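Student: Just one file: entry32.pdb, with PDB, C-alpha atoms.
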```
ATOM      1  CA  MET I   1      66.777-122.343 124.212  1.00  0.00           C
ATOM      2  CA  ASN I   2      67.782-118.778 123.477  1.00  0.00           C
ATOM      3  CA  LYS I   3      71.235-118.634 121.958  1.00  0.00           C
ATOM      4  CA  SER I   4      72.628-115.723 123.963  1.00  0.00           C
ATOM      5  CA  HIS I   5      73.228-115.297 127.662  1.00  0.00           C
ATOM      6  CA  LEU I   6      72.516-111.600 127.045  1.00  0.00           C
ATOM      7  CA  LEU I   7      68.785-112.299 126.718  1.00  0.00           C
ATOM      8  CA  PRO I   8      66.615-113.709 129.497  1.00  0.00           C
ATOM      9  CA  PRO I   9      64.611-116.831 128.647  1.00  0.00           C
ATOM     10  CA  ASN I  10      61.223-115.119 128.977  1.00  0.00           C
ATOM     11  CA  LEU I  11      60.396-113.425 125.673  1.00  0.00           C
ATOM     12  CA  THR I  12      56.743-112.678 124.829  1.00  0.00           C
ATOM     13  CA  LEU I  13      55.619-111.055 121.583  1.00  0.00           C
ATOM     14  CA  PHE I  14      52.161-109.519 121.204  1.00  0.00           C
ATOM     15  CA  GLY I  15      50.876-109.012 117.685  1.00  0.00           C
ATOM     16  CA  TYR I  16      48.442-109.610 114.824  1.00  0.00           C
ATOM     17  CA  GLN I  17      49.433-112.252 112.283  1.00  0.00           C
ATOM     18  CA  ILE I  18      48.676-109.996 109.314  1.00  0.00           C
ATOM     19  CA  CYS I  19      50.363-106.845 110.658  1.00  0.00           C
ATOM     20  CA  PRO I  20      53.490-106.132 108.544  1.00  0.00           C
ATOM     21  CA  TYR I  21      55.336-104.607 111.489  1.00  0.00           C
ATOM     22  CA  VAL I  22      54.639-107.676 113.614  1.00  0.00           C
ATOM     23  CA  LEU I  23      55.708-109.926 110.739  1.00  0.00           C
ATOM     24  CA  ARG I  24      59.068-108.142 110.611  1.00  0.00           C
ATOM     25  CA  VAL I  25      59.781-108.990 114.240  1.00  0.00           C
ATOM     26  CA  ARG I  26      58.469-112.556 113.949  1.00  0.00           C
ATOM     27  CA  TYR I  27      60.666-113.049 110.865  1.00  0.00           C
ATOM     28  CA  ILE I  28      63.767-111.832 112.718  1.00  0.00           C
ATOM     29  CA  LEU I  29      63.017-113.992 115.755  1.00  0.00           C
ATOM     30  CA  SER I  30      62.701-116.917 113.341  1.00  0.00           C
ATOM     31  CA  LEU I  31      66.007-116.081 111.649  1.00  0.00           C
ATOM     32  CA  LEU I  32      67.715-115.947 115.034  1.00  0.00           C
ATOM     33  CA  GLU I  33      65.913-119.128 116.157  1.00  0.00           C
ATOM     34  CA  LEU I  34      64.912-117.485 119.428  1.00  0.00           C
ATOM     35  CA  ASP I  35      62.420-119.230 121.677  1.00  0.00           C
ATOM     36  CA  HIS I  36      59.529-116.922 122.512  1.00  0.00           C
ATOM     37  CA  HIS I  37      55.855-116.957 123.419  1.00  0.00           C
ATOM     38  CA  TYR I  38      53.687-115.382 120.722  1.00  0.00           C
ATOM     39  CA  ILE I  39      50.267-114.003 121.708  1.00  0.00           C
ATOM     40  CA  GLU I  40      47.843-113.273 118.875  1.00  0.00           C
ATOM     41  CA  LEU I  41      45.501-110.378 119.642  1.00  0.00           C
ATOM     42  CA  ASP I  42      41.922-109.907 118.538  1.00  0.00           C
ATOM     43  CA  VAL I  43      41.919-106.640 116.579  1.00  0.00           C
ATOM     44  CA  TYR I  44      38.392-105.796 117.709  1.00  0.00           C
ATOM     45  CA  ALA I  45      38.588-106.890 121.361  1.00  0.00           C
ATOM     46  CA  ASN I  46      39.941-105.161 124.456  1.00  0.00           C
ATOM     47  CA  LYS I  47      43.698-105.479 124.820  1.00  0.00           C
ATOM     48  CA  PRO I  48      44.979-107.757 127.616  1.00  0.00           C
ATOM     49  CA  ALA I  49      46.272-106.143 130.804  1.00  0.00           C
ATOM     50  CA  GLN I  50      49.719-107.683 130.331  1.00  0.00           C
ATOM     51  CA  LEU I  51      50.128-105.747 127.080  1.00  0.00           C
ATOM     52  CA  LEU I  52      48.650-102.481 128.389  1.00  0.00           C
ATOM     53  CA  ARG I  53      51.070-102.447 131.313  1.00  0.00           C
ATOM     54  CA  HIS I  54      53.910-102.032 128.841  1.00  0.00           C
ATOM     55  CA  SER I  55      52.097-100.330 125.963  1.00  0.00           C
ATOM     56  CA  PRO I  56      49.170 -98.212 127.249  1.00  0.00           C
ATOM     57  CA  MET I  57      47.958 -97.596 123.682  1.00  0.00           C
ATOM     58  CA  GLY I  58      48.049-101.334 122.958  1.00  0.00           C
ATOM     59  CA  ARG I  59      50.629-100.929 120.173  1.00  0.00           C
ATOM     60  CA  VAL I  60      52.004-103.959 118.379  1.00  0.00           C
ATOM     61  CA  PRO I  61      54.494-105.404 118.001  1.00  0.00           C
ATOM     62  CA  THR I  62      55.353-105.308 121.684  1.00  0.00           C
ATOM     63  CA  LEU I  63      58.166-107.577 122.807  1.00  0.00           C
ATOM     64  CA  ILE I  64      58.240-108.208 126.552  1.00  0.00           C
ATOM     65  CA  ILE I  65      61.634-109.180 127.960  1.00  0.00           C
ATOM     66  CA  ASP I  66      61.041-110.410 131.492  1.00  0.00           C
ATOM     67  CA  ASN I  67      59.481-107.335 133.153  1.00  0.00           C
ATOM     68  CA  ASP I  68      60.361-104.722 130.531  1.00  0.00           C
ATOM     69  CA  ALA I  69      59.353-104.190 126.914  1.00  0.00           C
ATOM     70  CA  LEU I  70      60.037-102.591 123.536  1.00  0.00           C
ATOM     71  CA  CYS I  71      57.086-101.469 121.405  1.00  0.00           C
ATOM     72  CA  ASP I  72      58.251-100.629 117.869  1.00  0.00           C
ATOM     73  CA  SER I  73      59.394-102.949 115.061  1.00  0.00           C
ATOM     74  CA  THR I  74      62.423-100.808 114.155  1.00  0.00           C
ATOM     75  CA  VAL I  75      63.531-100.408 117.767  1.00  0.00           C
ATOM     76  CA  ILE I  76      63.061-104.113 118.494  1.00  0.00           C
ATOM     77  CA  SER I  77      64.912-105.108 115.324  1.00  0.00           C
ATOM     78  CA  GLN I  78      67.862-102.801 115.946  1.00  0.00           C
ATOM     79  CA  TRP I  79      68.150-104.054 119.506  1.00  0.00           C
ATOM     80  CA  LEU I  80      68.150-107.693 118.366  1.00  0.00           C
ATOM     81  CA  ALA I  81      70.732-106.812 115.704  1.00  0.00           C
ATOM     82  CA  GLN I  82      73.027-105.404 118.386  1.00  0.00           C
ATOM     83  CA  VAL I  83      72.556-108.359 120.734  1.00  0.00           C
ATOM     84  CA  TYR I  84      73.199-110.834 117.919  1.00  0.00           C
ATOM     85  CA  ALA I  85      75.825-108.886 116.006  1.00  0.00           C
ATOM     86  CA  GLU I  86      77.384-112.115 114.726  1.00  0.00           C
ATOM     87  CA  HIS I  87      74.328-112.623 112.480  1.00  0.00           C
ATOM     88  CA  GLN I  88      75.061-109.345 110.658  1.00  0.00           C
ATOM     89  CA  LEU I  89      71.481-108.108 110.612  1.00  0.00           C
ATOM     90  CA  LEU I  90      73.093-104.674 110.356  1.00  0.00           C
ATOM     91  CA  PRO I  91      76.579-103.929 108.980  1.00  0.00           C
ATOM     92  CA  ALA I  92      79.390-103.283 111.450  1.00  0.00           C
ATOM     93  CA  ASN I  93      80.639-100.327 109.400  1.00  0.00           C
ATOM     94  CA  ALA I  94      78.976 -97.113 110.623  1.00  0.00           C
ATOM     95  CA  TRP I  95      78.447 -95.660 107.131  1.00  0.00           C
ATOM     96  CA  ALA I  96      77.069 -98.909 105.702  1.00  0.00           C
ATOM     97  CA  LYS I  97      74.766 -99.198 108.716  1.00  0.00           C
ATOM     98  CA  ALA I  98      73.496 -95.633 108.200  1.00  0.00           C
ATOM     99  CA  LYS I  99      72.843 -96.314 104.498  1.00  0.00           C
ATOM    100  CA  MET I 100      70.890 -99.456 105.340  1.00  0.00           C
ATOM    101  CA  MET I 101      68.836 -97.567 107.914  1.00  0.00           C
ATOM    102  CA  ASN I 102      68.171 -94.938 105.261  1.00  0.00           C
ATOM    103  CA  ASP I 103      66.842 -97.646 102.910  1.00  0.00           C
ATOM    104  CA  MET I 104      64.675 -99.047 105.711  1.00  0.00           C
ATOM    105  CA  ALA I 105      63.239 -95.572 106.333  1.00  0.00           C
ATOM    106  CA  ALA I 106      62.331 -95.299 102.631  1.00  0.00           C
ATOM    107  CA  ILE I 107      60.489 -98.614 102.862  1.00  0.00           C
ATOM    108  CA  ASP I 108      58.689 -97.362 105.971  1.00  0.00           C
ATOM    109  CA  SER I 109      57.508 -94.322 103.996  1.00  0.00           C
ATOM    110  CA  VAL I 110      55.853 -96.632 101.459  1.00  0.00           C
ATOM    111  CA  HIS I 111      54.238 -98.588 104.297  1.00  0.00           C
ATOM    112  CA  ASP I 112      52.778 -95.286 105.520  1.00  0.00           C
ATOM    113  CA  THR I 113      51.190 -94.589 102.125  1.00  0.00           C
ATOM    114  CA  ILE I 114      49.632 -98.085 102.096  1.00  0.00           C
ATOM    115  CA  SER I 115      48.176 -97.403 105.550  1.00  0.00           C
ATOM    116  CA  GLN I 116      46.689 -94.183 104.175  1.00  0.00           C
ATOM    117  CA  LEU I 117      45.179 -96.132 101.273  1.00  0.00           C
ATOM    118  CA  ILE I 118      43.612 -98.650 103.600  1.00  0.00           C
ATOM    119  CA  SER I 119      42.209 -96.044 105.980  1.00  0.00           C
ATOM    120  CA  ALA I 120      41.080 -93.419 103.439  1.00  0.00           C
ATOM    121  CA  VAL I 121      37.701 -92.007 104.464  1.00  0.00           C
ATOM    122  CA  ASP I 122      36.388 -91.481 100.928  1.00  0.00           C
ATOM    123  CA  LYS I 123      37.309 -91.657  97.240  1.00  0.00           C
ATOM    124  CA  SER I 124      39.117 -88.301  97.333  1.00  0.00           C
ATOM    125  CA  ALA I 125      41.314 -89.385 100.248  1.00  0.00           C
ATOM    126  CA  PHE I 126      41.941 -92.740  98.573  1.00  0.00           C
ATOM    127  CA  ASN I 127      43.047 -91.074  95.315  1.00  0.00           C
ATOM    128  CA  ALA I 128      45.331 -88.699  97.215  1.00  0.00           C
ATOM    129  CA  ALA I 129      46.941 -91.631  99.017  1.00  0.00           C
ATOM    130  CA  LEU I 130      47.275 -93.507  95.723  1.00  0.00           C
ATOM    131  CA  THR I 131      49.099 -90.512  94.212  1.00  0.00           C
ATOM    132  CA  ARG I 132      51.532 -90.454  97.146  1.00  0.00           C
ATOM    133  CA  PHE I 133      52.063 -94.212  96.834  1.00  0.00           C
ATOM    134  CA  SER I 134      52.743 -93.911  93.079  1.00  0.00           C
ATOM    135  CA  SER I 135      55.358 -91.202  93.627  1.00  0.00           C
ATOM    136  CA  MET I 136      57.142 -92.838  96.564  1.00  0.00           C
ATOM    137  CA  LEU I 137      57.276 -96.456  95.391  1.00  0.00           C
ATOM    138  CA  PRO I 138      59.454 -96.307  92.204  1.00  0.00           C
ATOM    139  CA  PRO I 139      62.754 -95.494  94.007  1.00  0.00           C
ATOM    140  CA  VAL I 140      62.035 -98.258  96.504  1.00  0.00           C
ATOM    141  CA  LEU I 141      61.263-100.781  93.739  1.00  0.00           C
ATOM    142  CA  THR I 142      64.921-100.617  92.720  1.00  0.00           C
ATOM    143  CA  LEU I 143      65.789-101.524  96.290  1.00  0.00           C
ATOM    144  CA  LEU I 144      63.240-104.352  96.428  1.00  0.00           C
ATOM    145  CA  ARG I 145      64.552-105.964  93.255  1.00  0.00           C
ATOM    146  CA  ALA I 146      68.239-105.541  94.083  1.00  0.00           C
ATOM    147  CA  SER I 147      70.386-108.659  94.384  1.00  0.00           C
ATOM    148  CA  CYS I 148      70.101-110.215  97.819  1.00  0.00           C
ATOM    149  CA  SER I 149      73.544-110.051  99.418  1.00  0.00           C
ATOM    150  CA  SER I 150      72.362-111.381 102.767  1.00  0.00           C
ATOM    151  CA  PRO I 151      68.842-112.739 103.355  1.00  0.00           C
ATOM    152  CA  ASN I 152      69.382-112.084 107.072  1.00  0.00           C
ATOM    153  CA  SER I 153      69.942-108.324 106.779  1.00  0.00           C
ATOM    154  CA  LEU I 154      67.289-106.017 108.186  1.00  0.00           C
ATOM    155  CA  VAL I 155      66.769-104.283 104.852  1.00  0.00           C
ATOM    156  CA  ASP I 156      65.939-107.635 103.249  1.00  0.00           C
ATOM    157  CA  VAL I 157      63.458-108.355 106.037  1.00  0.00           C
ATOM    158  CA  TRP I 158      61.864-104.960 105.387  1.00  0.00           C
ATOM    159  CA  ALA I 159      61.834-105.616 101.611  1.00  0.00           C
ATOM    160  CA  MET I 160      60.272-109.080 101.884  1.00  0.00           C
ATOM    161  CA  VAL I 161      57.415-107.869 104.070  1.00  0.00           C
ATOM    162  CA  LEU I 162      56.718-104.816 101.889  1.00  0.00           C
ATOM    163  CA  ALA I 163      56.745-106.777  98.616  1.00  0.00           C
ATOM    164  CA  HIS I 164      54.232-109.283  99.954  1.00  0.00           C
ATOM    165  CA  LEU I 165      51.990-106.552 101.388  1.00  0.00           C
ATOM    166  CA  ILE I 166      51.928-104.623  98.100  1.00  0.00           C
ATOM    167  CA  ARG I 167      51.062-107.716  96.082  1.00  0.00           C
ATOM    168  CA  SER I 168      48.308-108.666  98.541  1.00  0.00           C
ATOM    169  CA  VAL I 169      46.739-105.198  98.676  1.00  0.00           C
ATOM    170  CA  ASP I 170      46.921-104.972  94.872  1.00  0.00           C
ATOM    171  CA  ALA I 171      45.044-108.293  94.598  1.00  0.00           C
ATOM    172  CA  ILE I 172      42.361-107.098  97.012  1.00  0.00           C
ATOM    173  CA  LEU I 173      41.985-103.808  95.122  1.00  0.00           C
ATOM    174  CA  GLN I 174      41.725-105.669  91.800  1.00  0.00           C
ATOM    175  CA  GLY I 175      44.985-104.327  90.365  1.00  0.00           C
ATOM    176  CA  VAL I 176      44.477-100.663  91.275  1.00  0.00           C
ATOM    177  CA  LEU I 177      48.068-100.327  92.504  1.00  0.00           C
ATOM    178  CA  SER I 178      49.690-102.065  89.525  1.00  0.00           C
ATOM    179  CA  GLN I 179      47.627 -99.962  87.122  1.00  0.00           C
ATOM    180  CA  HIS I 180      49.431 -96.914  88.508  1.00  0.00           C
ATOM    181  CA  VAL I 181      52.832 -98.602  89.022  1.00  0.00           C
ATOM    182  CA  PRO I 182      53.099-101.489  86.500  1.00  0.00           C
ATOM    183  CA  GLN I 183      56.459-102.619  87.923  1.00  0.00           C
ATOM    184  CA  ILE I 184      54.555-104.081  90.873  1.00  0.00           C
ATOM    185  CA  ARG I 185      53.736-107.090  88.700  1.00  0.00           C
ATOM    186  CA  SER I 186      57.402-108.151  88.821  1.00  0.00           C
ATOM    187  CA  LEU I 187      57.573-108.170  92.622  1.00  0.00           C
ATOM    188  CA  PRO I 188      57.399-112.003  92.829  1.00  0.00           C
ATOM    189  CA  ASP I 189      61.004-111.837  91.621  1.00  0.00           C
ATOM    190  CA  ILE I 190      61.929-110.892  95.179  1.00  0.00           C
ATOM    191  CA  TYR I 191      60.659-114.268  96.373  1.00  0.00           C
ATOM    192  CA  ARG I 192      62.714-116.170  93.805  1.00  0.00           C
ATOM    193  CA  SER I 193      65.916-114.240  94.589  1.00  0.00           C
ATOM    194  CA  ARG I 194      65.404-114.928  98.283  1.00  0.00           C
ATOM    195  CA  ALA I 195      64.119-118.493  97.985  1.00  0.00           C
ATOM    196  CA  ARG I 196      65.154-119.828 101.405  1.00  0.00           C
ATOM    197  CA  ALA I 197      64.154-116.618 103.157  1.00  0.00           C
ATOM    198  CA  SER I 198      60.798-116.705 101.339  1.00  0.00           C
ATOM    199  CA  LEU I 199      59.989-120.153 102.711  1.00  0.00           C
ATOM    200  CA  ARG I 200      60.841-119.035 106.235  1.00  0.00           C
ATOM    201  CA  TYR I 201      58.647-115.955 105.863  1.00  0.00           C
ATOM    202  CA  GLN I 202      55.768-117.882 104.283  1.00  0.00           C
ATOM    203  CA  ALA I 203      55.749-120.235 107.270  1.00  0.00           C
ATOM    204  CA  LEU I 204      54.774-117.279 109.488  1.00  0.00           C
ATOM    205  CA  LEU I 205      51.724-116.323 107.426  1.00  0.00           C
ATOM    206  CA  PRO I 206      48.222-117.582 108.220  1.00  0.00           C
ATOM    207  CA  LYS I 207      46.737-119.616 105.367  1.00  0.00           C
ATOM    208  CA  ASP I 208      43.959-117.059 104.986  1.00  0.00           C
ATOM    209  CA  TYR I 209      46.268-114.015 105.061  1.00  0.00           C
ATOM    210  CA  VAL I 210      44.697-112.229 102.077  1.00  0.00           C
ATOM    211  CA  THR I 211      41.156-112.940 103.269  1.00  0.00           C
ATOM    212  CA  ARG I 212      41.952-111.575 106.719  1.00  0.00           C
ATOM    213  CA  LEU I 213      43.628-108.522 105.207  1.00  0.00           C
ATOM    214  CA  HIS I 214      40.530-107.893 103.077  1.00  0.00           C
ATOM    215  CA  THR I 215      38.302-108.220 106.153  1.00  0.00           C
ATOM    216  CA  MET I 216      40.434-105.717 108.052  1.00  0.00           C
ATOM    217  CA  MET I 217      40.237-103.278 105.140  1.00  0.00           C
ATOM    218  CA  ALA I 218      36.469-103.686 105.038  1.00  0.00           C
ATOM    219  CA  HIS I 219      36.231-102.822 108.731  1.00  0.00           C
ATOM    220  CA  ARG I 220      38.498 -99.798 108.396  1.00  0.00           C
ATOM    221  CA  ASN I 221      37.077 -98.381 105.184  1.00  0.00           C
ATOM    222  CA  ALA I 222      33.889 -99.205 103.298  1.00  0.00           C
ATOM    223  CA  TYR I 223      35.266 -97.499 100.169  1.00  0.00           C
ATOM    224  CA  CYS I 224      38.176 -99.930  99.910  1.00  0.00           C
ATOM    225  CA  ALA I 225      35.914-102.878 100.622  1.00  0.00           C
ATOM    226  CA  GLN I 226      33.587-101.968  97.760  1.00  0.00           C
ATOM    227  CA  LEU I 227      36.436-102.215  95.265  1.00  0.00           C
ATOM    228  CA  ASN I 228      36.419-105.981  95.558  1.00  0.00           C
ATOM    229  CA  ASN I 229      33.344-107.929  96.607  1.00  0.00           C
ATOM    230  CA  ILE I 230      34.218-111.152  94.808  1.00  0.00           C
ATOM    231  CA  ALA I 231      36.019-114.233  96.052  1.00  0.00           C
ATOM    232  CA  PHE I 232      39.746-114.338  95.358  1.00  0.00           C
ATOM    233  CA  ALA I 233      42.456-116.946  95.754  1.00  0.00           C
ATOM    234  CA  GLU I 234      45.124-116.693  98.406  1.00  0.00           C
ATOM    235  CA  GLU I 235      48.418-115.547  96.895  1.00  0.00           C
ATOM    236  CA  GLU I 236      51.118-118.172  96.566  1.00  0.00           C
ATOM    237  CA  PHE I 237      54.784-117.302  96.791  1.00  0.00           C
ATOM    238  CA  ALA I 238      56.404-117.625  93.382  1.00  0.00           C
TER
END
```
Turn this file's structure into structure tokens for me.

Tutor:
Amino acid sequence: MNKSHLLPPNLTLFGYQICPYVLRVRYILSLLELDHHYIELDVYANKPAQLLRHSPMGRVPTLIIDNDALCDSTVISQWLAQVYAEHQLLPANAWAKAKMMNDMAAIDSVHDTISQLISAVDKSAFNAALTRFSSMLPPVLTLLRASCSSPNSLVDVWAMVLAHLIRSVDAILQGVLSQHVPQIRSLPDIYRSRARASLRYQALLPKDYVTRLHTMMAHRNAYCAQLNNIAFAEEEFA
């Protein structure tokens, strides 16, 4: 049962299991132990009518609450943080909350550069995206490796998802990212410092996460796919 009378019992989340933005919302729903119906979409199939009624572009994550919906991971997460303020997903202090949101925005900027890497149309575009990634990641690495004060805070949710995505993309690209930013190799430290949170997050991942991510990259960009045509092992959390 949902823990708050403020939320109706009918929560439905549309998403892709390997989408980092969907994983953020699934992670928060797990932290809050909220009952919900999760619908996995086929990336390459037509979107269901139930989703398109609320999100005409078929965006995910989309969280349907009875007959209304929210369609952005940050918006959904902030709303859940306000409904469940007792869980301290966001600080109560206005300045501390603004600083945390600022950190989350910095993490989002790195996510954007990874999306550009994955969808680069050719080697020139890929190298340009890699340059942006290399310049934007170092300040965020300090944030990712910071001591975990609360594994339930939104910034720690953002950090966990980003760290895992970077490590997975780096494995698929045969170390291209860590060649440019060697500190990436220490990112498993984030899993050890957030041990209980890591187990909860890992439980949300499909067993073939890296393989599915590689397949998606191959569909979106032949250049990225050509960087790694060999079999690779699924990453284990440290």

Student: Grab the CA of Val22 in chain I to CA of Leu130 in chain I distance for me, in Å with one decimal place.

Tutor: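 The value is 24.0 Å.
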
Student: Quick one: everything within 10 Å of Gly58 in chain I, counting only C-alpha atoms, minus sequence neighbours fewer than 2 positions away in the same chain. Send it as a PyMOL selection string.

Tutor: chain I and resi 14-15+41+46-56+60-62+71

Student: What does the PyMOL selection byres ((chain I and resi 113-118) around 12) select in this file, as JSON, numbers by chain?

Tutor: {"I": [19, 20, 21, 106, 107, 108, 109, 110, 111, 112, 119, 120, 121, 122, 123, 124, 125, 126, 127, 128, 129, 130, 131, 132, 133, 134, 135, 136, 137, 162, 163, 165, 166, 167, 168, 169, 170, 172, 173, 176, 177, 213, 214, 215, 216, 217, 218, 219, 220, 221, 222, 223, 224, 225, 227]}

Student: Report the distance between CA of Leu141 in chain I and CA of Met100 in chain I in Å, rounded to one decimal place.

Tutor: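 Separating CA of Leu141 in chain I from CA of Met100 in chain I is a distance of 15.1 Å.
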
Student: Starting from the point (64.5, -101.7, 104.6), work out which residues of protein, DNA or RNA have an atom no more than 6 Å away when counting only C-alpha atoms; state them as a PyMOL selection string.

Tutor: chain I and resi 103-104+107+155+158-159

Student: Run the PyMOL selection byres ((chain I and resi 88) around 12) on the file and write out the hits as a ChimeraX atom specification.

Tutor: /I:28,31-32,77-78,80-87,89-93,96-97,100,149-156

Student: Which of these, I:Asp72, I:Val161, I:Ala203, I:Pro138, has the shortest distance to His180 in chain I once you count only C-alpha atoms?

Tutor: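 Of I:Asp72, I:Val161, I:Ala203, I:Pro138, the one nearest His180 in chain I is I:Pro138, counting only C-alpha atoms.
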
Student: Output the residue selection produced by the PyMOL selection byres ((chain I and resi 38) around 12) on the file above, formatted as a list in words.

Tutor: Asn10, Leu11, Thr12, Leu13, Phe14, Gly15, Tyr16, Gln17, Val22, Leu23, Val25, Arg26, Leu29, Ser30, Leu34, Asp35, His36, His37, Ile39, Glu40, Leu41, Val60, Pro61, Thr62, Leu63, Ile64 and Leu204 of chain I

Student: Could you save those same residues with C-alpha atoms as an mmCIF file, in the coordinates of the input?

Tutor:
```cif
data_model
loop_
_atom_site.group_PDB
_atom_site.id
_atom_site.type_symbol
_atom_site.label_atom_id
_atom_site.label_comp_id
_atom_site.auth_asym_id
_atom_site.auth_seq_id
_atom_site.Cartn_x
_atom_site.Cartn_y
_atom_site.Cartn_z
ATOM 1 C CA ASN I 10 61.223 -115.119 128.977
ATOM 2 C CA LEU I 11 60.396 -113.425 125.673
ATOM 3 C CA THR I 12 56.743 -112.678 124.829
ATOM 4 C CA LEU I 13 55.619 -111.055 121.583
ATOM 5 C CA PHE I 14 52.161 -109.519 121.204
ATOM 6 C CA GLY I 15 50.876 -109.012 117.685
ATOM 7 C CA TYR I 16 48.442 -109.610 114.824
ATOM 8 C CA GLN I 17 49.433 -112.252 112.283
ATOM 9 C CA VAL I 22 54.639 -107.676 113.614
ATOM 10 C CA LEU I 23 55.708 -109.926 110.739
ATOM 11 C CA VAL I 25 59.781 -108.990 114.240
ATOM 12 C CA ARG I 26 58.469 -112.556 113.949
ATOM 13 C CA LEU I 29 63.017 -113.992 115.755
ATOM 14 C CA SER I 30 62.701 -116.917 113.341
ATOM 15 C CA LEU I 34 64.912 -117.485 119.428
ATOM 16 C CA ASP I 35 62.420 -119.230 121.677
ATOM 17 C CA HIS I 36 59.529 -116.922 122.512
ATOM 18 C CA HIS I 37 55.855 -116.957 123.419
ATOM 19 C CA ILE I 39 50.267 -114.003 121.708
ATOM 20 C CA GLU I 40 47.843 -113.273 118.875
ATOM 21 C CA LEU I 41 45.501 -110.378 119.642
ATOM 22 C CA VAL I 60 52.004 -103.959 118.379
ATOM 23 C CA PRO I 61 54.494 -105.404 118.001
ATOM 24 C CA THR I 62 55.353 -105.308 121.684
ATOM 25 C CA LEU I 63 58.166 -107.577 122.807
ATOM 26 C CA ILE I 64 58.240 -108.208 126.552
ATOM 27 C CA LEU I 204 54.774 -117.279 109.488
#
```

Student: In Å, how far is it from CA of Ser198 in chain I to CA of Thr74 in chain I?

Tutor: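 Rounded to one decimal, the two atoms are 20.5 Å apart.
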
Student: Pull all heavy atoms for range 196-201 of chain I from the block and write them as a PDB file, in the first residue's frame.

Tutor:
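Produced file selection_22.pdb, reproduced below:
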```
ATOM      1  N   ARG I 196      24.386  -0.053   0.866  1.00  0.00           N
ATOM      2  CA  ARG I 196      22.980  -0.465   0.913  1.00  0.00           C
ATOM      3  C   ARG I 196      22.202   0.120  -0.259  1.00  0.00           C
ATOM      4  O   ARG I 196      21.369  -0.550  -0.865  1.00  0.00           O
ATOM      5  CB  ARG I 196      22.352  -0.025   2.230  1.00  0.00           C
ATOM      6  CG  ARG I 196      22.883  -0.780   3.455  1.00  0.00           C
ATOM      7  CD  ARG I 196      22.252  -0.289   4.726  1.00  0.00           C
ATOM      8  NE  ARG I 196      20.813  -0.501   4.731  1.00  0.00           N
ATOM      9  CZ  ARG I 196      19.997  -0.024   5.668  1.00  0.00           C
ATOM     10  NH1 ARG I 196      20.491   0.701   6.665  1.00  0.00           N
ATOM     11  NH2 ARG I 196      18.706  -0.254   5.609  1.00  0.00           N
ATOM     12  N   ALA I 197      22.484   1.384  -0.575  1.00  0.00           N
ATOM     13  CA  ALA I 197      21.817   2.015  -1.708  1.00  0.00           C
ATOM     14  C   ALA I 197      22.198   1.319  -3.007  1.00  0.00           C
ATOM     15  O   ALA I 197      21.374   1.170  -3.916  1.00  0.00           O
ATOM     16  CB  ALA I 197      22.170   3.495  -1.770  1.00  0.00           C
ATOM     17  N   SER I 198      23.457   0.872  -3.114  1.00  0.00           N
ATOM     18  CA  SER I 198      23.916   0.191  -4.323  1.00  0.00           C
ATOM     19  C   SER I 198      23.133  -1.092  -4.563  1.00  0.00           C
ATOM     20  O   SER I 198      22.754  -1.406  -5.688  1.00  0.00           O
ATOM     21  CB  SER I 198      25.409  -0.127  -4.220  1.00  0.00           C
ATOM     22  OG  SER I 198      26.177   1.045  -4.128  1.00  0.00           O
ATOM     23  N   LEU I 199      22.888  -1.852  -3.516  1.00  0.00           N
ATOM     24  CA  LEU I 199      22.141  -3.099  -3.652  1.00  0.00           C
ATOM     25  C   LEU I 199      20.716  -2.828  -4.114  1.00  0.00           C
ATOM     26  O   LEU I 199      20.176  -3.551  -4.952  1.00  0.00           O
ATOM     27  CB  LEU I 199      22.140  -3.859  -2.322  1.00  0.00           C
ATOM     28  CG  LEU I 199      23.486  -4.430  -1.883  1.00  0.00           C
ATOM     29  CD1 LEU I 199      23.370  -5.037  -0.484  1.00  0.00           C
ATOM     30  CD2 LEU I 199      23.984  -5.482  -2.875  1.00  0.00           C
ATOM     31  N   ARG I 200      20.112  -1.773  -3.565  1.00  0.00           N
ATOM     32  CA  ARG I 200      18.751  -1.423  -3.962  1.00  0.00           C
ATOM     33  C   ARG I 200      18.714  -1.010  -5.435  1.00  0.00           C
ATOM     34  O   ARG I 200      17.816  -1.390  -6.174  1.00  0.00           O
ATOM     35  CB  ARG I 200      18.218  -0.302  -3.077  1.00  0.00           C
ATOM     36  CG  ARG I 200      16.749   0.037  -3.314  1.00  0.00           C
ATOM     37  CD  ARG I 200      16.306   1.211  -2.462  1.00  0.00           C
ATOM     38  NE  ARG I 200      16.254   0.885  -1.067  1.00  0.00           N
ATOM     39  CZ  ARG I 200      15.175   0.408  -0.445  1.00  0.00           C
ATOM     40  NH1 ARG I 200      14.065   0.186  -1.135  1.00  0.00           N
ATOM     41  NH2 ARG I 200      15.189   0.158   0.841  1.00  0.00           N
ATOM     42  N   TYR I 201      19.716  -0.246  -5.851  1.00  0.00           N
ATOM     43  CA  TYR I 201      19.777   0.199  -7.242  1.00  0.00           C
ATOM     44  C   TYR I 201      20.044  -0.979  -8.181  1.00  0.00           C
ATOM     45  O   TYR I 201      19.408  -1.112  -9.230  1.00  0.00           O
ATOM     46  CB  TYR I 201      20.860   1.262  -7.403  1.00  0.00           C
ATOM     47  CG  TYR I 201      21.032   1.756  -8.820  1.00  0.00           C
ATOM     48  CD1 TYR I 201      20.031   2.500  -9.433  1.00  0.00           C
ATOM     49  CD2 TYR I 201      22.181   1.455  -9.549  1.00  0.00           C
ATOM     50  CE1 TYR I 201      20.174   2.944 -10.730  1.00  0.00           C
ATOM     51  CE2 TYR I 201      22.323   1.895 -10.854  1.00  0.00           C
ATOM     52  CZ  TYR I 201      21.321   2.640 -11.440  1.00  0.00           C
ATOM     53  OH  TYR I 201      21.465   3.075 -12.737  1.00  0.00           O
TER      54      TYR I 201
END
```
